[in-house]
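Dumped my_file_35.csv below, it's CSV, C-alpha atoms:
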```csv
chain,number,residue,atom,x,y,z
A,1,MET,CA,0.0,0.0,0.0
A,2,GLN,CA,2.8,2.4,0.8
A,3,LEU,CA,4.4,1.8,-2.6
A,4,ILE,CA,1.0,2.4,-4.3
A,5,VAL,CA,0.6,5.7,-2.4
A,6,LEU,CA,4.1,6.8,-3.4
A,7,VAL,CA,3.4,6.1,-7.0
A,8,LEU,CA,0.2,8.0,-6.9
A,9,ILE,CA,1.9,11.0,-5.3
A,10,GLY,CA,4.6,10.9,-7.9
A,11,LEU,CA,2.1,10.8,-10.7
A,12,LEU,CA,0.2,13.7,-9.1
A,13,VAL,CA,3.3,15.8,-8.9
A,14,TRP,CA,4.2,14.9,-12.5
A,15,TRP,CA,0.7,15.9,-13.7
A,16,ILE,CA,0.8,19.3,-11.8
A,17,MET,CA,4.3,20.1,-13.3
A,18,GLY,CA,3.2,19.2,-16.8
A,19,ASN,CA,0.0,21.1,-16.5
A,20,THR,CA,1.8,24.2,-15.2
A,21,LEU,CA,4.3,24.1,-18.0
A,22,ALA,CA,1.6,23.6,-20.6
A,23,ASN,CA,-0.3,26.6,-19.3
A,24,MET,CA,2.8,28.7,-19.3
A,25,ARG,CA,3.5,27.8,-22.9
A,26,ALA,CA,-0.1,28.6,-23.9
A,27,ARG,CA,0.3,32.1,-22.5
A,28,GLY,CA,3.5,32.7,-24.4
A,29,ALA,CA,5.8,32.2,-21.5
A,30,HIS,CA,9.0,30.2,-22.0
A,31,ALA,CA,8.8,27.0,-20.0
A,32,GLY,CA,10.9,23.9,-19.6
A,33,PHE,CA,14.3,22.9,-18.3
A,34,ASP,CA,16.0,23.2,-21.7
A,35,PHE,CA,17.7,26.4,-20.6
A,36,LEU,CA,20.0,24.3,-18.4
A,37,LEU,CA,22.0,23.5,-21.6
A,38,ASP,CA,22.4,27.1,-22.6
A,39,PRO,CA,25.5,29.1,-21.7
A,40,ALA,CA,25.1,30.8,-18.3
A,41,GLY,CA,27.0,34.0,-19.1
A,42,PHE,CA,27.9,34.9,-15.5
A,43,GLU,CA,30.9,34.3,-13.3
A,44,ILE,CA,30.9,32.6,-9.9
A,45,SER,CA,33.3,34.0,-7.3
A,46,GLU,CA,34.3,30.7,-5.7
A,47,GLY,CA,33.5,27.0,-5.9
A,48,LEU,CA,34.9,23.5,-5.5
A,49,PHE,CA,34.7,22.8,-9.3
A,50,GLY,CA,36.2,24.8,-12.1
A,51,TYR,CA,33.7,27.1,-13.8
A,52,GLU,CA,33.7,29.6,-16.7
A,53,SER,CA,30.9,31.9,-17.8
A,54,GLY,CA,30.6,30.2,-21.1
A,55,GLN,CA,29.6,26.9,-19.5
A,56,PRO,CA,25.9,25.8,-19.3
A,57,PHE,CA,23.5,26.6,-16.5
A,58,TRP,CA,23.5,23.1,-15.2
A,59,ARG,CA,27.2,23.4,-14.5
A,60,ALA,CA,26.5,26.6,-12.5
A,61,PHE,CA,23.9,24.8,-10.5
A,62,VAL,CA,26.4,22.0,-9.7
A,63,VAL,CA,28.9,24.6,-8.5
A,64,GLY,CA,26.2,26.2,-6.3
A,65,LEU,CA,25.3,22.8,-4.9
A,66,GLY,CA,28.9,22.1,-4.1
A,67,ASN,CA,29.2,25.4,-2.2
A,68,THR,CA,26.1,24.6,-0.3
A,69,LEU,CA,27.3,21.1,0.7
A,70,ARG,CA,30.8,22.5,1.6
A,71,VAL,CA,29.5,25.1,4.1
A,72,ALA,CA,26.7,22.8,5.5
A,73,LEU,CA,29.0,19.8,6.1
A,74,ALA,CA,31.7,21.9,7.7
A,75,SER,CA,29.2,23.6,9.9
A,76,ILE,CA,27.6,20.3,11.0
A,77,VAL,CA,30.9,19.0,12.2
A,78,VAL,CA,31.8,22.2,14.1
A,79,CYS,CA,28.4,22.7,15.7
A,80,THR,CA,28.3,19.1,16.9
A,81,VAL,CA,31.6,19.4,18.7
A,82,LEU,CA,30.9,22.9,20.1
A,83,GLY,CA,27.3,22.1,21.0
A,84,THR,CA,28.4,18.9,22.9
A,85,LEU,CA,31.0,20.8,24.9
A,86,LEU,CA,28.5,23.6,25.7
A,87,GLY,CA,25.8,21.0,26.7
A,88,VAL,CA,28.1,19.2,29.0
A,89,GLY,CA,29.4,22.5,30.3
A,90,ARG,CA,25.9,23.6,31.3
A,91,LEU,CA,25.9,20.6,33.7
A,92,SER,CA,29.3,21.4,35.2
A,93,ARG,CA,29.8,21.9,38.9
A,94,ASN,CA,32.1,24.8,38.2
A,95,PHE,CA,30.0,28.0,38.5
A,96,LEU,CA,32.1,29.9,36.0
A,97,VAL,CA,32.0,27.2,33.3
A,98,ARG,CA,28.3,26.7,33.8
A,99,SER,CA,27.5,30.4,33.7
A,100,ILE,CA,29.5,31.0,30.5
A,101,CYS,CA,27.9,28.1,28.7
A,102,THR,CA,24.4,29.1,29.8
A,103,GLY,CA,25.0,32.7,28.8
A,104,TYR,CA,26.2,31.6,25.4
A,105,VAL,CA,23.2,29.4,24.8
A,106,GLU,CA,20.6,31.9,25.9
A,107,LEU,CA,22.2,34.8,23.9
A,108,VAL,CA,22.9,33.0,20.6
A,109,ARG,CA,19.8,31.0,20.2
A,110,ASN,CA,17.5,34.0,20.8
A,111,VAL,CA,19.1,36.2,18.1
A,112,PRO,CA,17.9,35.5,14.5
A,113,VAL,CA,20.4,33.6,12.4
A,114,LEU,CA,20.2,36.1,9.6
A,115,LEU,CA,21.3,38.9,11.9
A,116,GLN,CA,24.2,36.7,13.1
A,117,LEU,CA,25.3,36.0,9.5
A,118,LEU,CA,25.3,39.8,8.8
A,119,MET,CA,27.2,40.4,12.1
A,120,TRP,CA,29.9,37.9,11.1
A,121,TYR,CA,30.1,39.3,7.6
A,122,PHE,CA,30.5,42.9,9.0
A,123,VAL,CA,33.3,41.7,11.4
A,124,LEU,CA,35.2,39.8,8.6
A,125,SER,CA,34.8,42.4,5.8
A,126,ASP,CA,35.1,45.7,7.8
A,127,MET,CA,36.9,45.1,11.1
A,128,LEU,CA,39.8,42.9,9.9
A,129,PRO,CA,42.9,44.5,8.4
A,130,THR,CA,43.7,44.7,4.7
A,131,SER,CA,45.8,42.1,2.9
A,132,ASP,CA,49.1,44.0,3.4
A,133,GLU,CA,48.5,44.0,7.1
A,134,ALA,CA,46.9,40.6,7.4
A,135,LEU,CA,46.9,38.8,10.8
A,136,SER,CA,49.0,35.6,11.0
A,137,PRO,CA,47.9,33.4,13.9
A,138,LEU,CA,50.1,30.6,12.7
A,139,PRO,CA,53.0,30.4,10.3
A,140,GLY,CA,51.7,30.3,6.7
A,141,ILE,CA,48.1,31.3,7.7
A,142,PHE,CA,46.8,34.8,7.0
A,143,LEU,CA,43.5,36.3,8.0
A,144,SER,CA,42.3,39.6,6.4
A,145,LYS,CA,39.4,41.3,4.7
A,146,SER,CA,40.2,39.1,1.7
A,147,GLY,CA,39.5,35.9,3.6
A,148,LEU,CA,41.6,33.1,5.1
A,149,ALA,CA,44.7,31.9,3.3
A,150,PHE,CA,46.4,28.6,4.2
A,151,PRO,CA,49.0,26.2,2.8
A,152,VAL,CA,47.9,23.3,0.4
A,153,PRO,CA,49.9,20.5,-1.3
A,154,GLU,CA,51.3,21.7,-4.6
A,155,SER,CA,50.0,18.6,-6.4
A,156,SER,CA,46.2,18.2,-6.7
A,157,LEU,CA,46.7,14.4,-6.7
A,158,ALA,CA,48.0,14.7,-3.2
A,159,TRP,CA,44.4,15.1,-2.0
A,160,LEU,CA,43.6,11.6,-3.3
A,161,TYR,CA,46.4,10.1,-1.2
A,162,VAL,CA,45.4,12.2,1.8
A,163,ALA,CA,41.8,10.7,1.4
A,164,ILE,CA,43.2,7.2,1.1
A,165,GLY,CA,45.4,7.8,4.2
A,166,LEU,CA,42.3,9.0,6.1
A,167,VAL,CA,40.3,6.0,5.1
A,168,LEU,CA,43.1,3.7,6.2
A,169,GLY,CA,43.5,5.6,9.5
A,170,ILE,CA,39.7,5.4,10.1
A,171,LEU,CA,39.7,1.6,9.5
A,172,ALA,CA,42.6,1.1,11.8
A,173,SER,CA,40.9,3.3,14.5
A,174,VAL,CA,37.7,1.3,14.3
A,175,LEU,CA,39.5,-2.0,14.7
A,176,TYR,CA,41.5,-0.5,17.7
A,177,LEU,CA,38.4,0.9,19.4
A,178,ARG,CA,36.6,-2.5,19.0
A,179,HIS,CA,39.7,-4.2,20.6
A,180,ALA,CA,39.6,-1.6,23.4
A,181,GLY,CA,36.0,-2.2,24.0
A,182,ARG,CA,36.4,-6.0,24.1
A,183,THR,CA,39.4,-5.6,26.5
A,184,LEU,CA,37.4,-3.3,28.8
A,185,TYR,CA,34.4,-5.7,29.0
A,186,ALA,CA,36.6,-8.8,29.4
A,187,THR,CA,39.3,-7.6,31.9
A,188,GLY,CA,38.1,-4.2,33.1
A,189,ARG,CA,41.3,-2.6,31.9
A,190,GLN,CA,40.7,0.6,29.9
A,191,LEU,CA,43.0,1.3,27.0
A,192,PRO,CA,43.6,4.9,25.9
A,193,ARG,CA,41.3,5.9,23.1
A,194,VAL,CA,41.9,9.5,22.0
A,195,TRP,CA,45.6,9.8,21.3
A,196,PRO,CA,45.9,6.4,19.5
A,197,VAL,CA,43.1,7.3,17.1
A,198,VAL,CA,44.8,10.7,16.4
A,199,VAL,CA,48.1,8.9,15.8
A,200,MET,CA,46.5,6.4,13.5
A,201,LEU,CA,44.9,9.1,11.4
A,202,VAL,CA,48.1,11.1,11.1
A,203,VAL,CA,50.3,8.1,10.4
A,204,GLY,CA,47.8,6.9,7.7
A,205,VAL,CA,48.0,10.2,5.9
A,206,LEU,CA,51.7,10.4,6.2
A,207,LEU,CA,52.2,6.8,4.9
A,208,ALA,CA,49.9,7.4,2.0
A,209,CYS,CA,51.7,10.6,1.0
A,210,ALA,CA,55.1,8.9,1.4
A,211,PHE,CA,54.0,6.0,-0.8
A,212,GLY,CA,52.8,8.6,-3.4
A,213,ALA,CA,56.2,10.3,-3.2
A,214,LEU,CA,58.1,7.1,-3.6
A,215,ILE,CA,56.3,6.2,-6.8
A,216,GLY,CA,56.8,9.8,-8.1
A,217,HIS,CA,53.1,10.8,-8.1
A,218,VAL,CA,52.9,13.2,-5.2
A,219,PRO,CA,55.7,15.6,-4.3
A,220,LEU,CA,55.7,16.3,-0.5
A,221,THR,CA,55.8,20.0,-1.0
A,222,PHE,CA,53.3,22.7,0.0
A,223,ASP,CA,52.2,25.9,-1.7
A,224,ILE,CA,52.5,28.3,1.2
A,225,PRO,CA,50.9,31.8,1.1
A,226,GLU,CA,53.2,34.8,1.2
A,227,LYS,CA,52.2,38.3,2.2
A,228,SER,CA,53.4,41.2,0.0
A,229,GLU,CA,52.8,44.9,0.1
A,230,ILE,CA,49.8,44.5,-2.2
A,231,ASN,CA,48.1,41.2,-1.5
A,232,ILE,CA,48.6,37.6,-0.3
A,233,SER,CA,49.7,35.2,-3.0
A,234,GLY,CA,50.1,31.4,-3.1
A,235,GLY,CA,48.3,28.7,-1.2
A,236,ALA,CA,44.5,28.4,-1.0
A,237,ALA,CA,42.0,30.7,0.5
A,238,VAL,CA,38.4,30.9,1.5
A,239,THR,CA,36.4,34.1,1.1
A,240,PRO,CA,34.9,36.3,3.9
A,241,GLU,CA,31.5,35.2,2.6
A,242,PHE,CA,32.2,31.6,3.2
A,243,LEU,CA,33.6,32.3,6.7
A,244,ALA,CA,30.6,34.4,7.6
A,245,VAL,CA,28.2,31.7,6.7
A,246,PHE,CA,30.3,28.9,8.2
A,247,LEU,CA,30.8,30.8,11.6
A,248,GLY,CA,27.2,32.0,11.7
A,249,LEU,CA,25.6,28.6,11.1
A,250,SER,CA,28.1,26.8,13.4
A,251,THR,CA,27.7,29.0,16.4
A,252,TYR,CA,23.9,29.4,16.0
A,253,THR,CA,23.2,25.7,15.7
A,254,ALA,CA,25.6,24.8,18.4
A,255,ALA,CA,23.4,26.6,20.9
A,256,PHE,CA,20.5,24.3,20.0
A,257,VAL,CA,22.7,21.2,19.9
A,258,ALA,CA,23.9,22.1,23.5
A,259,GLU,CA,20.3,22.0,24.7
A,260,VAL,CA,19.7,18.7,23.0
A,261,VAL,CA,22.8,17.2,24.6
A,262,ARG,CA,21.9,18.6,28.0
A,263,ALA,CA,18.4,17.1,27.8
A,264,GLY,CA,19.8,13.8,26.7
A,265,VAL,CA,22.3,13.7,29.6
A,266,GLN,CA,19.7,14.6,32.1
A,267,SER,CA,17.4,11.8,30.8
A,268,VAL,CA,19.8,9.1,32.1
A,269,GLN,CA,18.6,7.7,35.4
A,270,HIS,CA,20.6,8.9,38.4
A,271,GLY,CA,21.1,5.2,39.4
A,272,GLN,CA,23.3,4.7,36.4
A,273,LEU,CA,25.6,7.5,37.6
A,274,GLU,CA,25.8,6.0,41.1
A,275,ALA,CA,26.6,2.6,39.6
A,276,ALA,CA,29.4,4.2,37.6
A,277,ARG,CA,30.8,5.9,40.7
A,278,SER,CA,30.7,2.6,42.6
A,279,LEU,CA,32.9,1.1,39.9
A,280,GLY,CA,35.5,3.8,40.6
A,281,LEU,CA,35.1,5.5,37.2
A,282,GLY,CA,36.2,9.2,37.0
A,283,ARG,CA,33.9,12.0,35.9
A,284,VAL,CA,35.2,11.8,32.3
A,285,GLN,CA,34.9,8.1,32.2
A,286,GLN,CA,31.4,8.3,33.6
A,287,LEU,CA,30.4,10.7,30.9
A,288,ARG,CA,32.0,8.8,28.0
A,289,LEU,CA,31.3,5.2,29.0
A,290,VAL,CA,28.0,5.4,30.9
A,291,ILE,CA,26.1,8.6,30.4
A,292,LEU,CA,26.6,9.6,26.7
A,293,PRO,CA,26.0,6.1,25.3
A,294,GLN,CA,22.6,5.9,27.0
A,295,ALA,CA,21.8,9.6,26.3
A,296,MET,CA,22.3,9.1,22.5
A,297,ARG,CA,18.9,7.4,22.1
A,298,VAL,CA,17.4,10.7,23.3
A,299,ILE,CA,19.9,13.0,21.6
A,300,LEU,CA,19.9,11.6,18.0
A,301,PRO,CA,16.3,12.3,16.9
A,302,SER,CA,16.5,15.9,18.0
A,303,LEU,CA,20.0,16.2,16.6
A,304,THR,CA,18.7,15.1,13.3
A,305,ASN,CA,16.2,18.1,13.3
A,306,GLN,CA,19.1,20.5,14.0
A,307,TYR,CA,21.1,19.1,11.1
A,308,LEU,CA,18.1,19.6,8.8
A,309,ASN,CA,17.6,23.1,10.1
A,310,LEU,CA,21.2,24.0,9.5
A,311,THR,CA,21.1,22.7,5.9
A,312,LYS,CA,18.0,24.7,5.2
A,313,ASN,CA,19.4,27.8,6.9
A,314,SER,CA,22.3,27.7,4.6
A,315,SER,CA,20.0,29.2,2.0
A,316,LEU,CA,20.3,32.5,3.9
A,317,ALA,CA,23.9,32.7,2.6
A,318,VAL,CA,22.5,34.7,-0.3
A,319,ALA,CA,22.2,37.6,2.2
A,320,VAL,CA,26.0,38.0,2.4
A,321,GLY,CA,26.8,37.2,-1.2
A,322,TYR,CA,28.0,33.6,-0.9
A,323,PRO,CA,27.4,31.8,-4.2
A,324,ASP,CA,25.3,28.9,-2.9
A,325,LEU,CA,22.5,27.1,-4.7
A,326,VAL,CA,19.9,29.8,-4.0
A,327,SER,CA,22.2,32.6,-5.1
A,328,ILE,CA,23.0,30.7,-8.4
A,329,ALA,CA,19.3,30.0,-8.9
A,330,ASN,CA,18.4,33.7,-8.4
A,331,THR,CA,21.0,34.8,-10.9
A,332,SER,CA,19.8,32.2,-13.4
A,333,LEU,CA,16.2,33.3,-12.9
A,334,ASN,CA,17.1,36.9,-13.7
A,335,GLN,CA,19.0,35.7,-16.8
A,336,THR,CA,16.3,33.5,-18.2
A,337,GLY,CA,13.0,34.4,-16.5
A,338,ARG,CA,12.4,30.7,-15.7
A,339,ALA,CA,11.1,31.3,-12.2
A,340,PHE,CA,9.1,28.1,-11.9
A,341,GLU,CA,12.0,25.9,-13.1
A,342,CYS,CA,14.6,27.6,-10.9
A,343,VAL,CA,12.4,27.4,-7.8
A,344,ALA,CA,11.6,23.7,-8.6
A,345,ILE,CA,15.3,22.9,-8.7
A,346,ILE,CA,15.9,24.6,-5.4
A,347,MET,CA,13.0,22.7,-3.8
A,348,ALA,CA,14.1,19.4,-5.3
A,349,VAL,CA,17.7,19.8,-4.1
A,350,TYR,CA,16.8,20.8,-0.5
A,351,ILE,CA,14.2,18.0,-0.2
A,352,SER,CA,16.8,15.5,-1.4
A,353,LEU,CA,19.4,16.8,1.0
A,354,SER,CA,16.9,16.7,3.9
A,355,LEU,CA,15.8,13.1,3.1
A,356,LEU,CA,19.4,11.9,2.8
A,357,THR,CA,20.3,13.5,6.1
A,358,ALA,CA,17.3,12.0,7.8
A,359,LEU,CA,18.0,8.6,6.3
A,360,PHE,CA,21.6,8.6,7.5
A,361,MET,CA,20.7,9.8,11.0
A,362,ASN,CA,17.8,7.3,11.3
A,363,ARG,CA,20.1,4.4,10.4
A,364,PHE,CA,22.6,5.6,13.0
A,365,ASN,CA,19.7,6.1,15.5
A,366,ARG,CA,18.6,2.5,15.1
A,367,ARG,CA,22.0,1.3,16.2
A,368,ALA,CA,21.8,3.5,19.3
A,369,VAL,CA,18.4,2.4,20.4
A,370,LEU,CA,18.3,0.4,23.6
A,371,ARG,CA,16.9,-3.1,22.8
A,372,GLY,CA,14.9,-5.0,25.4
A,373,ARG,CA,14.9,-8.7,25.8
A,374,ARG,CA,12.5,-10.7,23.7
```
Starting from the file, give its structure as structure tokens.
Amino acid sequence: MQLIVLVLIGLLVWWIMGNTLANMRARGAHAGFDFLLDPAGFEISEGLFGYESGQPFWRAFVVGLGNTLRVALASIVVCTVLGTLLGVGRLSRNFLVRSICTGYVELVRNVPVLLQLLMWYFVLSDMLPTSDEALSPLPGIFLSKSGLAFPVPESSLAWLYVAIGLVLGILASVLYLRHAGRTLYATGRQLPRVWPVVVMLVVGVLLACAFGALIGHVPLTFDIPEKSEINISGGAAVTPEFLAVFLGLSTYTAAFVAEVVRAGVQSVQHGQLEAARSLGLGRVQQLRLVILPQAMRVILPSLTNQYLNLTKNSSLAVAVGYPDLVSIANTSLNQTGRAFECVAIIMAVYISLSLLTALFMNRFNRRAVLRGRR
């Protein structure tokens, strides 16, 4: 029955779109998605993929989608880490830590995200120094009104070996963590978890890059930015627009993630904490081994909603000039007049991203659910 309902809904949507396009053609309005094959005729300031103004509109939409995914995925990672720290900090016994975390959450989550994006853009574009006086928090890294410049490998093929090294490091880390878990349950001896994982990731990347260098594919050299009297040359850079959207979405969503984490931790029965104390576990061990694993069943459903909200809020990037999918669609709409088609593309992409996010998180949630005895 569910399959029949889905088919009927699909046919209804197809009929509505076809009827709408037919009515538009009858009234002399251009309709259809054939414009996607025409030359776009406009430039895009930044993107993961190479793009020129003479390329077709579909290529421009792909670049916009890449920019949306880039800022959304980076923001999800940062807001998860920051929100978890804030949520745990709100439950701290230390008055100063608890007050700072509470003040952050109450302030940030009650200010509209659009205003925060504009605030970050103002700070990055107006308050930072110019390129010739750029800040350098670390060697080879420069922060200015032009954005953030940082070193990158000179060979683009090096990124492939870096990815291979990360995959190998992740696989080794998973095997080690499983071994540590079995050792803990079998003997009660706890093996270190954080620094071995970090070492495995770093070693995996270094070994992959060294192998690439030995076979002559990847030179182990970096293109390091250099500051001159006019600008910053070399390396790679991200624009102030990207940084504004990234910082705004990360810090805003982290406040909501903090409340989700706090609620999940407080949902764990107090007897579980007393049992952990009776086993002689420290506070960090209690949190990592007892509280958070049980709190995840409460945290994950609400965390999924926050990830979905963050992805949809990325559409506000158009307010600061970041060339995301919505910005590209607006420019294409003005160029072609195909309002219905451009809006339909935006809707289809965001629906697809939301469904994929929900699917991934739901699969992860099913693994964290506490299963009773049958």
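The shortest atom-to-atom distance to Asn334 of chain A, with all atoms listed in the file taken into account, belongs to A:Ala40 out of A:Val290, A:Ala40, A:Met296, A:Leu207.
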With all atoms listed in the file counted and 10 Å as the cut-off, give the residues of segment 196-241 of chain A in contact with segment 46-68 of chain A, each with its shortest interatomic distance in Å and the pair that gives it, as a Markdown table.
```
| residue | atom | partner | partner_atom | distance |
| --- | --- | --- | --- | --- |
| A:Ala237 | CA | A:Glu46 | CA | 9.9 |
| A:Val238 | CA | A:Glu46 | CA | 8.3 |
| A:Thr239 | CA | A:Glu46 | CA | 7.9 |
| A:Glu241 | CA | A:Glu46 | CA | 9.8 |
```
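Summary of the local environment: counting only C-alpha atoms, residues at most 9 Å from Ser315 of chain A, other than itself and those fewer than 4 positions away along its chain, are Thr68, Thr311, Ala319, Asp324, Leu325, Val326 and Ser327 of chain A.
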Sorted by chain and rising residue number, list the residues of segment 138-194 of chain A at most 12 Å from segment 268-286 of chain A (counting only C-alpha atoms), each with its closest atom pair and distance in Å to one decimal, as CSV.
```
residue,atom,partner,partner_atom,distance
A:Gly188,CA,A:Leu279,CA,10.1
A:Arg189,CA,A:Leu281,CA,11.5
A:Gln190,CA,A:Gln285,CA,9.8
A:Leu191,CA,A:Gln285,CA,11.8
A:Pro192,CA,A:Gln285,CA,11.2
A:Arg193,CA,A:Gln285,CA,11.3
```
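Counting from atom CA of Gln2 of chain A, the distance to atom CA of Phe364 of chain A is 23.5 Å.
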Sel. within 10 Å of pt (52.5, 15.6, 3.2), counting only C-alpha atoms, output as a ChimeraX atom specification: /A:152-154,158-159,161-162,205-210,212-213,218-222
Would you export the selected residues with C-alpha atoms as a tab-separated table (two decimals), in the coordinates of the input, please?
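Contents of out-v4.tsv, freshly written:
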```tsv
chain	number	residue	atom	x	y	z
A	152	VAL	CA	47.90	23.30	0.40
A	153	PRO	CA	49.90	20.50	-1.30
A	154	GLU	CA	51.30	21.70	-4.60
A	158	ALA	CA	48.00	14.70	-3.20
A	159	TRP	CA	44.40	15.10	-2.00
A	161	TYR	CA	46.40	10.10	-1.20
A	162	VAL	CA	45.40	12.20	1.80
A	205	VAL	CA	48.00	10.20	5.90
A	206	LEU	CA	51.70	10.40	6.20
A	207	LEU	CA	52.20	6.80	4.90
A	208	ALA	CA	49.90	7.40	2.00
A	209	CYS	CA	51.70	10.60	1.00
A	210	ALA	CA	55.10	8.90	1.40
A	212	GLY	CA	52.80	8.60	-3.40
A	213	ALA	CA	56.20	10.30	-3.20
A	218	VAL	CA	52.90	13.20	-5.20
A	219	PRO	CA	55.70	15.60	-4.30
A	220	LEU	CA	55.70	16.30	-0.50
A	221	THR	CA	55.80	20.00	-1.00
A	222	PHE	CA	53.30	22.70	0.00
```
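Atom pair atom CA of Glu229 of chain A / atom CA of Pro137 of chain A has a distance of 18.6 Å (rounded to one decimal).
We find atom CA of Leu243 of chain A and atom CA of Ala134 of chain A to be spaced 15.7 Å apart.
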Selection near segment 343-352 of chain A, 10 Å with all atoms listed in the file, sequence-local residues under 2 positions removed, as a PyMOL selection string: chain A and resi 17+33+61+65+308+311-312+315+325-326+328-330+333+338-341+354-358
Can you write just those residues out, C-alpha atoms, as a PDB file, in the frame of the given file?
```
ATOM      1  CA  MET A  17       4.300  20.100 -13.300  1.00  0.00           C
ATOM      2  CA  PHE A  33      14.300  22.900 -18.300  1.00  0.00           C
ATOM      3  CA  PHE A  61      23.900  24.800 -10.500  1.00  0.00           C
ATOM      4  CA  LEU A  65      25.300  22.800  -4.900  1.00  0.00           C
ATOM      5  CA  LEU A 308      18.100  19.600   8.800  1.00  0.00           C
ATOM      6  CA  THR A 311      21.100  22.700   5.900  1.00  0.00           C
ATOM      7  CA  LYS A 312      18.000  24.700   5.200  1.00  0.00           C
ATOM      8  CA  SER A 315      20.000  29.200   2.000  1.00  0.00           C
ATOM      9  CA  LEU A 325      22.500  27.100  -4.700  1.00  0.00           C
ATOM     10  CA  VAL A 326      19.900  29.800  -4.000  1.00  0.00           C
ATOM     11  CA  ILE A 328      23.000  30.700  -8.400  1.00  0.00           C
ATOM     12  CA  ALA A 329      19.300  30.000  -8.900  1.00  0.00           C
ATOM     13  CA  ASN A 330      18.400  33.700  -8.400  1.00  0.00           C
ATOM     14  CA  LEU A 333      16.200  33.300 -12.900  1.00  0.00           C
ATOM     15  CA  ARG A 338      12.400  30.700 -15.700  1.00  0.00           C
ATOM     16  CA  ALA A 339      11.100  31.300 -12.200  1.00  0.00           C
ATOM     17  CA  PHE A 340       9.100  28.100 -11.900  1.00  0.00           C
ATOM     18  CA  GLU A 341      12.000  25.900 -13.100  1.00  0.00           C
ATOM     19  CA  SER A 354      16.900  16.700   3.900  1.00  0.00           C
ATOM     20  CA  LEU A 355      15.800  13.100   3.100  1.00  0.00           C
ATOM     21  CA  LEU A 356      19.400  11.900   2.800  1.00  0.00           C
ATOM     22  CA  THR A 357      20.300  13.500   6.100  1.00  0.00           C
ATOM     23  CA  ALA A 358      17.300  12.000   7.800  1.00  0.00           C
TER      24      ALA A 358
END
```
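Proximity to Gly165 of chain A was assessed for A:Leu135, A:Thr183, A:Met200, A:Trp195 counting only C-alpha atoms; the smallest distance is recorded for A:Met200.
Restricting the calculation to all atoms listed in the file, the smallest distance between Val108 of chain A and any of A:Pro196, A:Gly83, A:Gly234, A:Gly89 is found for A:Gly83.
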Contacts of Lys145 of chain A within 9 Å, only C-alpha atoms, excl. fewer than 5 positions in-chain, as a PDB file with C-alpha atoms, in the coordinates of the input:
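Contents of part13.pdb, freshly written:
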```pdb
ATOM      1  CA  LEU A 124      35.200  39.800   8.600  1.00  0.00           C
ATOM      2  CA  SER A 125      34.800  42.400   5.800  1.00  0.00           C
ATOM      3  CA  ASP A 126      35.100  45.700   7.800  1.00  0.00           C
ATOM      4  CA  MET A 127      36.900  45.100  11.100  1.00  0.00           C
ATOM      5  CA  LEU A 128      39.800  42.900   9.900  1.00  0.00           C
ATOM      6  CA  PRO A 129      42.900  44.500   8.400  1.00  0.00           C
ATOM      7  CA  THR A 130      43.700  44.700   4.700  1.00  0.00           C
ATOM      8  CA  SER A 131      45.800  42.100   2.900  1.00  0.00           C
ATOM      9  CA  ALA A 134      46.900  40.600   7.400  1.00  0.00           C
ATOM     10  CA  THR A 239      36.400  34.100   1.100  1.00  0.00           C
ATOM     11  CA  PRO A 240      34.900  36.300   3.900  1.00  0.00           C
TER      12      PRO A 240
END
```
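Closest to Ser233 of chain A among A:Ala149, A:Leu69, A:Ala74, A:Val105 is A:Ala149, based on only C-alpha atoms.
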